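This report refers to the structure that appears directly beneath it.
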Amino acid sequence: MNARALFTQVGPPLFFFTFFVLSWYVLVEFFDIPPYLLPGPPRVAEAVSTHADRLIDAALLTATGAMSGFALSFAFGFAVALLFSQSRIIERGLYPYAIFLQTVPIVAIAPLIVLWIGYGLQGVVAVSFIISLFPIIANTTAGLTQVDPRLLDLFAMNNANRWQVLFKLRVPNAVPNMLTGARISSGLSVIGAIVGEFFAGYGTDDFGLGYLIIQTSGQAKTDYLFACILFCTLLGLAIFSAVGLVSNQLLRRWGSE
Amino acid sequence: MTDLLVIASGVGKEFSGGVQALADVNLSIERGQFAAIVGPSGCGKSTFLRLVAGLDEHTSGALSVDGDAPLNARRRRGDLAYVFQDATLLPWRSVRRNVALPLELRQQNDEARIDEVLTTVGLSEFAEALPAQLSGGMRMRVSIARALVTQPGLLLLDEPFGALDEITRQNLNEELLRLWERDQWTGIFITHNVYEAAFLADRVLVMSARPGRIVADIDVPFEHPRDADLRHQPQFAELAREISEQLERAHA
Amino acid sequence: MKRFCYIFCALFLFACGQSEMPPPTEEGKTRVRLALNWFPEAEHGGFYAAHLHGYYAARNLEVEILGGGPDAPVIQRVSTGAVEFGVTNADDVLYARAQQAPVVALMAPYQINPRCIMVHESSGIERIDQISNITLAMSQRPAFSHYLRWKYPLEGVNIVPYPGNVSQFLVNPNFAQQGYVFSEPFVARQQGGNPRALLVSDIGFNPYASVVIATEKTIAQRSDIVRAVVEASIEGWEHYLRDGQKTNQYINSLNPEMGLDILAYGVEQSAALVLDPVASEKGLGHMSSARWNELHKQMVEASLIEAGGRVEGAFDTQFLR
């Protein structure tokens, strides 16, 4: 990437970031907004530097929960989609329950998940898993079933068996859809981990970002709360970008430019 | 004694919606013959090809390929190949791996054969390219190479060059002809282009508008090997005119 | 995150200029709003009693009591003028003032904070300092949980988020959780549990609870209304403790989750917490600077607020009897 390309890539977001932070600063200063309502950027920056160690530890812990949840939903979602692609009856029978995963109010069932699975990392991973599962199932199923009928004819002409059609045609055909699902899921898995931490925590001395959010908002420490939210955003962005980068590389190799 | 590979007698096809695509198709195609079927668009000529391939089932009459029901023949012989209207390549596979697919599906591995067909269609240099990086004509060449890689006994071509520009189409016609002259497979070629049909085939079958029937069976007398110059011969123009007239009558 | 949305709403109101008091009612009564920090429960009984039995009306007030819930941003709403009065706990007042929120406590119904740690009787734990080797569910929001962690070693204790109900407690004999002394233990017992409630105030951490707050500005500009609200609320609480039946029926109609039995238990238990010996002598709602200073000191000790802040201004006793 040359300097110019780099600039067009990074320039606009950077411009808007600067604009946003400046407006925020001016808003807070001009209206003299008290910090318990909206802390200005300097206060948030100070909170970040004061609590940097704890924030980084918390972000790493939340990242562990999110990435485990994401990995699980990717593997499990793929398996479910494979099953769906093999039988219309199974798909029709089970798909409504998969949709349930998307519509379920996670806040309502998170306490139950904790009841069944227990407190700590496993509870966080479970919530993250449930929240991030549906996009993988939906997108992968679509990719596995929506195959160009002429390609199916081509395989039929070569007397391909069911497994050859599945692994040489359906699965590769589903890769772009799977990557789309993975991108959506990766962002959701972070939200899932944070919500999971609201309910499942990690135990006495370990804090994820979700736990810190509860604590700081309860104590009206809005500057620290904003620092937590900033870290949540950065974490989400990091995971999303990593998945995006991998999927762009793969898509290029997949010939779908 | 003539050796008939494809025999259709009174073949009809009615789709589940009640649309009668074919009615009473009668024809027979000899082993080693290159037959073209021309007809107005939507007349059911592609449908007929799919019946021969065993991709669809006819609803009336009798159709046999090599003395067997088409599906059975395809499964038993394993040497039927079909070239679609579009190149129908796997976009995630390189040219080489696309061509290798039919061998792969037969659990075979013959790199030398792949090299050979790639050379035949002039794509050796592009073996590692992805389909998205090729022009339409090059993609069609890949598609033909893929059909040829298993050395088919019966090659079914469904308007393979319909979407290409005229020059590319003529070039590919010449290449296809050269391949047939070398290997002499049995071929059924669907087209709505009378010049293409006259140039390539030994025999041109004219199909009527839907429901399709064979309304004319025209012998193409030109000797092989044919070359591009044939298109400028008066006999060629005469034959093309005859096919066109039959086609117009079929339209009516 | 809900709190966060509220903050933005509050911010919006702030940007639009502080809202004025709503217009008086048709009968000429002054309309004010009182925002609760939780769903309507026994711990708010006195305010509902004042409404129901006409103590507010007698002072020419029409008080609209707004129920809360988890994350109810009472202090933000009071600070921004979205409501005139709020009900919260003393530790939250100090948190908020540490962030420059101009809220002031006016009266304190609960002299003894109803907060407890509920353990299984079978655990053998009889005092909070004996808590060890169990799973303890406590919210990270209120100050007591941090104070507890700061003060005691809590050996082998796994602290997890507060689940909002008692189902974990009932299935796990090795589980303890926070609660209000007249609420969670009652529910647990009803459902076949055998809990023991350990009051947090017994370890010396005892923030006033269900405290009425208003802004410095409201107190300065509308002291007549503030006085009327405080006095009527005190009378309401006295009425509630004396005869809570009708009020409980009303609360039950607003919050059917709270059965009449648990509300009756709540009002019965509240009597000793509201009218402790000090309040019995000095009057219901009493607040002392010694208590506020003690709380402030404890919160600084546990690093919950920064040292050097002042307690003065956090509470105002001029409206009490």
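Chain identifiers are assigned as A, B, and so on, following the order in which chains appear in the structure tokens; residues are numbered from 1 within each chain, and ligands are numbered from 1 in order of appearance.
If we count only C-alpha atoms, these residues of chain A sit within 7 Å of chain B: Arg150, Leu151, Asp153, Met157, Asn158, Asn159, Ala160, Arg253, Trp254, Gly255 and Ser256 of chain A.
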Next, the residues of the selection above should be written as a short mmCIF file (atom, residue, chain, number, x, y, z; two decimals), in the first residue's frame with C-alpha atoms.
```
data_model
loop_
_atom_site.label_atom_id
_atom_site.label_comp_id
_atom_site.auth_asym_id
_atom_site.auth_seq_id
_atom_site.Cartn_x
_atom_site.Cartn_y
_atom_site.Cartn_z
CA ARG A 150 -26.09 -25.38 -13.53
CA LEU A 151 -23.20 -26.23 -11.24
CA ASP A 153 -26.06 -30.18 -13.22
CA MET A 157 -23.16 -34.99 -15.38
CA ASN A 158 -19.99 -36.24 -13.73
CA ASN A 159 -22.03 -38.64 -11.57
CA ALA A 160 -20.79 -36.96 -8.40
CA ARG A 253 -8.51 -16.32 -3.30
CA TRP A 254 -12.13 -17.33 -3.80
CA GLY A 255 -12.28 -15.47 -7.06
CA SER A 256 -15.28 -13.39 -6.10
#
```
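Taking only C-alpha atoms, the non-local environment of C:Gln190 within 12 Å (same-chain residues fewer than 5 positions away omitted) comprises Val166, Leu170, Ser183, Glu184, Pro185, Pro195, Gly259, Asp261, Ile262 and Tyr265 of chain C.
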Same residues, N, CA and C atoms, saved as a PDB file, in the first residue's frame:
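Final output, part27.pdb:
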```
ATOM      1  N   VAL C 166     -33.812 -15.318  43.447  1.00  0.00           N
ATOM      2  CA  VAL C 166     -33.233 -16.215  44.445  1.00  0.00           C
ATOM      3  C   VAL C 166     -33.066 -17.644  43.927  1.00  0.00           C
ATOM      4  N   LEU C 170     -31.509 -20.960  45.897  1.00  0.00           N
ATOM      5  CA  LEU C 170     -32.306 -22.134  46.284  1.00  0.00           C
ATOM      6  C   LEU C 170     -31.671 -23.441  45.833  1.00  0.00           C
ATOM      7  N   SER C 183     -37.164  -8.607  51.929  1.00  0.00           N
ATOM      8  CA  SER C 183     -37.587  -9.046  50.605  1.00  0.00           C
ATOM      9  C   SER C 183     -37.051 -10.435  50.238  1.00  0.00           C
ATOM     10  N   GLU C 184     -35.759 -10.501  49.866  1.00  0.00           N
ATOM     11  CA  GLU C 184     -35.206 -11.777  49.394  1.00  0.00           C
ATOM     12  C   GLU C 184     -35.347 -12.911  50.415  1.00  0.00           C
ATOM     13  N   PRO C 185     -35.011 -12.678  51.693  1.00  0.00           N
ATOM     14  CA  PRO C 185     -35.156 -13.790  52.655  1.00  0.00           C
ATOM     15  C   PRO C 185     -36.592 -14.293  52.725  1.00  0.00           C
ATOM     16  N   PRO C 195     -33.097 -19.481  54.799  1.00  0.00           N
ATOM     17  CA  PRO C 195     -32.034 -18.481  54.775  1.00  0.00           C
ATOM     18  C   PRO C 195     -31.815 -17.801  56.125  1.00  0.00           C
ATOM     19  N   GLY C 259     -46.447  -9.324  46.310  1.00  0.00           N
ATOM     20  CA  GLY C 259     -47.694  -9.805  46.912  1.00  0.00           C
ATOM     21  C   GLY C 259     -47.999  -9.069  48.210  1.00  0.00           C
ATOM     22  N   ASP C 261     -48.640 -10.346  51.007  1.00  0.00           N
ATOM     23  CA  ASP C 261     -47.965 -10.954  52.149  1.00  0.00           C
ATOM     24  C   ASP C 261     -46.559 -10.411  52.329  1.00  0.00           C
ATOM     25  N   ILE C 262     -45.831 -10.301  51.191  1.00  0.00           N
ATOM     26  CA  ILE C 262     -44.456  -9.810  51.320  1.00  0.00           C
ATOM     27  C   ILE C 262     -44.448  -8.326  51.695  1.00  0.00           C
ATOM     28  N   TYR C 265     -45.066  -8.107  55.345  1.00  0.00           N
ATOM     29  CA  TYR C 265     -43.823  -8.443  56.042  1.00  0.00           C
ATOM     30  C   TYR C 265     -42.859  -7.251  55.979  1.00  0.00           C
TER      31      TYR C 265
END
```
message = Based on the backbone DSSP call, show me all residues of stretch 129-190 of chain C assigned alpha helix (DSSP H), as a PyMOL selection string.
response = chain C and resi 143-151+167-171+184-190
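Counting only C-alpha atoms and comparing C:Pro102, C:Pro161, C:Gly309, C:Gly285, the residue that lies closest to chain A is C:Pro161.
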ask   = Can you tell me, as a PyMOL selection string, what residues are no more than 8 Å from stretch 30-47 of chain C when counting only C-alpha atoms, ignoring any on the same chain fewer than 2 positions away?
value = chain C and resi 21-25+28+49-51+60-70+72-74+83-88+210+233-241+244+247-248+251+254-255+258+263+266-267+270
Mind dumping a table of every chain C residue within 7 Å of chain A, with the nearest atom pair and its distance in Å to one decimal, using only C-alpha atoms, sorted by chain and rising number, as CSV?
```
residue,atom,partner,partner_atom,distance
C:Ile7,CA,A:Leu37,CA,6.2
C:Leu11,CA,A:Leu37,CA,6.3
C:Tyr95,CA,A:Gln219,CA,5.7
C:Ala96,CA,A:Ala220,CA,5.9
C:Gln99,CA,A:Tyr36,CA,5.1
C:Gln100,CA,A:Pro34,CA,6.6
C:Ala101,CA,A:Tyr36,CA,6.3
C:Gln140,CA,A:Gln215,CA,4.7
C:Arg141,CA,A:Gly218,CA,4.1
C:Pro142,CA,A:Gly218,CA,6.6
C:Asn158,CA,A:Thr204,CA,5.1
C:Ile159,CA,A:Thr204,CA,4.5
C:Val160,CA,A:Gly203,CA,5.4
C:Pro161,CA,A:Phe199,CA,5.6
C:Pro163,CA,A:Pro111,CA,6.2
C:Gln168,CA,A:Leu115,CA,6.1
```
task = Skip B:Asp219 itself and residues of its chain fewer than 2 positions away, then list as a list of chain:residue names all residues within 10 Å of it, counting only C-alpha atoms.
result = B:Ala35, B:Ala198, B:Ala201, B:Asp202, B:Arg203, B:Val204, B:Leu205, B:Ala216, B:Asp217, B:Pro221, B:Phe222, B:Leu239
request  = Find the spatial neighbours of A:Ser247, counting only C-alpha atoms, within a cut-off of 9 Å - ignore same-chain residues fewer than 4 positions away - and output them as a PyMOL selection string.
outcome  = chain A and resi 176+179-180+182-183+242-243+251-252
